[in-house]
>>> print(open('data_28.csv').read())   # CSV, C-alpha atoms
chain,number,residue,atom,x,y,z
A,1,MET,CA,-14.7,-9.5,-33.1
A,2,GLU,CA,-14.0,-8.9,-29.4
A,3,ASP,CA,-15.3,-12.4,-28.6
A,4,VAL,CA,-12.9,-14.0,-31.1
A,5,LEU,CA,-10.0,-12.0,-29.7
A,6,LEU,CA,-10.8,-12.9,-26.2
A,7,ARG,CA,-11.2,-16.6,-27.0
A,8,ARG,CA,-7.9,-16.5,-28.8
A,9,HIS,CA,-6.1,-14.8,-26.0
A,10,LEU,CA,-7.4,-17.3,-23.4
A,11,ALA,CA,-7.0,-20.4,-25.5
A,12,GLY,CA,-4.8,-22.9,-23.7
A,13,ALA,CA,-4.3,-20.7,-20.6
A,14,TRP,CA,-4.7,-21.6,-17.0
A,15,LEU,CA,-7.4,-19.2,-15.6
A,16,VAL,CA,-6.7,-18.5,-11.9
A,17,PRO,CA,-9.6,-16.9,-10.0
A,18,VAL,CA,-8.8,-14.4,-7.2
A,19,PRO,CA,-9.5,-16.3,-4.0
A,20,LEU,CA,-11.8,-15.0,-1.3
A,21,HIS,CA,-10.9,-15.2,2.4
A,22,GLY,CA,-12.7,-18.1,4.1
A,23,ARG,CA,-14.9,-15.7,6.1
A,24,ARG,CA,-16.0,-13.8,3.0
A,25,GLN,CA,-16.6,-17.0,1.0
A,26,ALA,CA,-18.9,-18.3,3.8
A,27,GLU,CA,-20.8,-15.0,3.9
A,28,ARG,CA,-21.3,-14.8,0.2
A,29,GLY,CA,-21.7,-18.6,-0.5
A,30,TYR,CA,-19.7,-18.4,-3.7
A,31,ASN,CA,-16.6,-16.9,-5.3
A,32,GLN,CA,-17.6,-14.5,-8.1
A,33,ALA,CA,-14.1,-14.6,-9.6
A,34,LEU,CA,-14.3,-18.4,-9.9
A,35,ARG,CA,-17.7,-18.1,-11.7
A,36,VAL,CA,-16.2,-15.6,-14.1
A,37,ALA,CA,-13.2,-17.9,-14.7
A,38,VAL,CA,-15.4,-20.9,-15.3
A,39,GLY,CA,-17.5,-18.9,-17.8
A,40,LEU,CA,-14.4,-17.7,-19.6
A,41,ALA,CA,-12.8,-21.2,-19.8
A,42,ALA,CA,-16.0,-22.6,-21.3
A,43,GLY,CA,-15.6,-20.2,-24.3
A,44,ALA,CA,-11.9,-20.6,-24.9
A,45,PRO,CA,-10.4,-23.8,-26.5
A,46,GLY,CA,-8.1,-25.6,-24.1
A,47,ALA,CA,-8.5,-23.1,-21.2
A,48,ARG,CA,-8.7,-24.6,-17.8
A,49,VAL,CA,-9.4,-23.2,-14.3
A,50,GLY,CA,-6.7,-23.7,-11.7
A,51,ASP,CA,-7.2,-23.2,-8.0
A,52,TRP,CA,-3.6,-22.6,-7.0
A,53,LEU,CA,-3.9,-19.4,-5.0
A,54,GLU,CA,-5.0,-18.8,-1.4
A,55,ARG,CA,-5.6,-15.6,0.5
A,56,THR,CA,-3.2,-15.4,3.4
A,57,ARG,CA,-5.3,-13.0,5.5
A,58,ASP,CA,-8.6,-11.2,5.5
A,59,THR,CA,-7.9,-7.9,3.8
A,60,GLY,CA,-11.4,-6.6,4.2
A,61,SER,CA,-13.4,-4.8,1.5
A,62,GLN,CA,-11.4,-2.5,-0.8
A,63,VAL,CA,-14.5,-0.4,-1.5
A,64,GLY,CA,-13.8,3.3,-0.8
A,65,ARG,CA,-10.1,2.9,-0.4
A,66,GLY,CA,-7.5,4.8,-2.4
A,67,ARG,CA,-4.8,3.3,-4.6
A,68,GLU,CA,-2.0,3.5,-2.0
A,69,GLU,CA,-4.1,1.9,0.7
A,70,ARG,CA,-5.3,-0.8,-1.6
A,71,LEU,CA,-1.7,-1.6,-2.6
A,72,GLU,CA,-0.6,-1.7,1.0
A,73,ARG,CA,-3.5,-4.0,2.1
A,74,MET,CA,-2.8,-6.4,-0.8
A,75,ASP,CA,0.9,-6.7,-0.1
A,76,ASP,CA,1.6,-10.4,0.6
A,77,ALA,CA,-2.1,-11.2,0.8
A,78,PHE,CA,-1.9,-14.2,-1.6
A,79,ARG,CA,0.3,-17.2,-2.1
A,80,VAL,CA,0.3,-20.4,-4.1
A,81,ARG,CA,-1.1,-23.2,-2.0
A,82,LYS,CA,1.4,-25.4,-0.3
A,83,GLY,CA,2.1,-28.5,-2.4
A,84,ALA,CA,0.4,-27.1,-5.5
A,85,GLY,CA,3.0,-27.4,-8.2
A,86,LEU,CA,2.4,-25.0,-11.1
A,87,PRO,CA,2.6,-26.6,-14.6
A,88,SER,CA,5.5,-25.4,-16.6
A,89,PRO,CA,5.7,-24.0,-19.2
A,90,ALA,CA,2.2,-22.5,-18.9
A,91,ARG,CA,0.4,-19.3,-19.3
A,92,PHE,CA,-1.7,-18.0,-16.4
A,93,VAL,CA,-4.5,-15.5,-16.4
A,94,VAL,CA,-5.5,-14.1,-13.0
A,95,VAL,CA,-9.3,-13.5,-13.1
A,96,ASP,CA,-11.3,-11.1,-11.0
A,97,ASP,CA,-14.8,-9.7,-11.2
A,98,VAL,CA,-13.9,-6.0,-11.0
A,99,LEU,CA,-10.7,-4.1,-11.7
A,100,THR,CA,-10.3,-0.8,-9.9
A,101,THR,CA,-6.6,0.0,-9.2
A,102,GLY,CA,-5.2,-3.4,-10.2
A,103,ALA,CA,-3.8,-4.0,-6.7
A,104,THR,CA,-5.5,-7.4,-6.2
A,105,LEU,CA,-4.6,-8.7,-9.6
A,106,ALA,CA,-1.0,-7.5,-9.2
A,107,ALA,CA,-0.7,-9.2,-5.8
A,108,CYS,CA,-2.0,-12.5,-7.3
A,109,ALA,CA,0.3,-12.2,-10.3
A,110,ARG,CA,3.2,-11.6,-7.9
A,111,ALA,CA,2.4,-14.7,-5.9
A,112,LEU,CA,2.3,-16.8,-9.1
A,113,ARG,CA,5.7,-15.4,-10.2
A,114,VAL,CA,7.3,-16.1,-6.8
A,115,ALA,CA,6.2,-19.7,-7.3
A,116,GLY,CA,7.8,-19.9,-10.7
A,117,ALA,CA,5.3,-18.7,-13.2
A,118,THR,CA,6.8,-16.7,-16.0
A,119,LEU,CA,3.8,-15.8,-18.2
A,120,VAL,CA,1.1,-14.1,-16.2
A,121,ASP,CA,-1.8,-12.0,-17.5
A,122,ALA,CA,-4.9,-10.6,-15.9
A,123,ALA,CA,-8.6,-10.4,-16.9
A,124,ALA,CA,-11.6,-8.8,-15.2
A,125,LEU,CA,-15.2,-8.7,-16.0
A,126,ALA,CA,-15.7,-5.0,-15.3
A,127,HIS,CA,-13.7,-1.9,-14.5
A,128,GLY,CA,-14.8,0.1,-11.4
>>> encode(input="data_28.csv", output="structure tokens")
Amino acid sequence: MEDVLLRRHLAGAWLVPVPLHGRRQAERGYNQALRVAVGLAAGAPGARVGDWLERTRDTGSQVGRGREERLERMDDAFRVRKGAGLPSPARFVVVDDVLTTGATLAACARALRVAGATLVDAAALAHG
């Protein structure tokens, strides 16, 4: 039942993985949010992965930080890539691997809205 609801919710949406900072991407060798987004898109009719967001600065690890510090560190940490026009109308789902306070997903959603997106949801693989 949950699988059917998830596929229905994601059908036709643009899945937008939370981007890593370049340094972190190089250390890890992959973006876990991108892997989650690709997996979700494979199971939802018409869902696609869009690489529109970029991290504007290295925010460091959020592990061990409280809600207020997380929110502060994520303020203006993301933007839509220059020259990347968002499709309109469209529904966007920001995808991350773990949801703790929601600060990262909220910051990504804010960046998409600033660029003109009107329908923005969020999805995470796990809750921390």
>>> atom_distance(input="data_28.csv", atom1="CA of Gly50 (chain A)", atom2="CA of Gly22 (chain A)")
17.8 Å
>>> atom_distance(input="data_28.csv", atom1="CA of Ala11 (chain A)", atom2="CA of Asp51 (chain A)")
17.7 Å
>>> closest_residue(input="data_28.csv", among="A:Val18, A:Ala90, A:Ala47, A:Ala77", to="Arg35 (chain A)", atoms="all atoms listed in the file")
A:Val18
>>> atom_distance(input="data_28.csv", atom1="CA of Gly29 (chain A)", atom2="CA of Asp3 (chain A)")
29.5 Å
>>> residues_around(input="data_28.csv", residues="His127 (chain A)", least_positions_apart="6", cutoff="10 Å", atoms="only C-alpha atoms", output="MDAnalysis selection string")
chainID A and resid 97:102
>>> closest_residue(input="data_28.csv", among="A:Leu119, A:Leu10, A:Ala111, A:Ala26", to="Arg55 (chain A)", atoms="only C-alpha atoms")
A:Ala111
>>> residues_around(input="data_28.csv", residues="Gly12 (chain A)", least_positions_apart="3", cutoff="8 Å", atoms="all atoms listed in the file", output="JSON, numbers by chain")
{"A": [44, 45, 46, 47, 48, 91]}
>>> residues_around(input="data_28.csv", residues="Arg110 (chain A)", least_positions_apart="4", cutoff="12 Å", atoms="only C-alpha atoms", output="list of chain:residue names")
A:Leu53, A:Met74, A:Asp75, A:Asp76, A:Ala77, A:Phe78, A:Arg79, A:Val80, A:Phe92, A:Val94, A:Gly102, A:Ala103, A:Thr104, A:Leu105, A:Ala106, A:Val114, A:Ala115, A:Gly116, A:Ala117, A:Thr118, A:Leu119, A:Val120, A:Asp121, A:Ala122
>>> closest_residue(input="data_28.csv", among="A:Ala109, A:Leu6, A:Leu34, A:Ser88", to="Leu20 (chain A)", atoms="only C-alpha atoms")
A:Leu34
>>> closest_residue(input="data_28.csv", among="A:Ala107, A:Asp96, A:Arg24, A:Gly43", to="Arg73 (chain A)", atoms="only C-alpha atoms")
A:Ala107
>>> closest_residue(input="data_28.csv", among="A:Val38, A:Cys108, A:Arg8, A:Arg28", to="Trp52 (chain A)", atoms="all atoms listed in the file")
A:Cys108
>>> closest_residue(input="data_28.csv", among="A:Arg57, A:Pro17, A:Arg7, A:Arg81", to="Val36 (chain A)", atoms="all atoms listed in the file")
A:Pro17
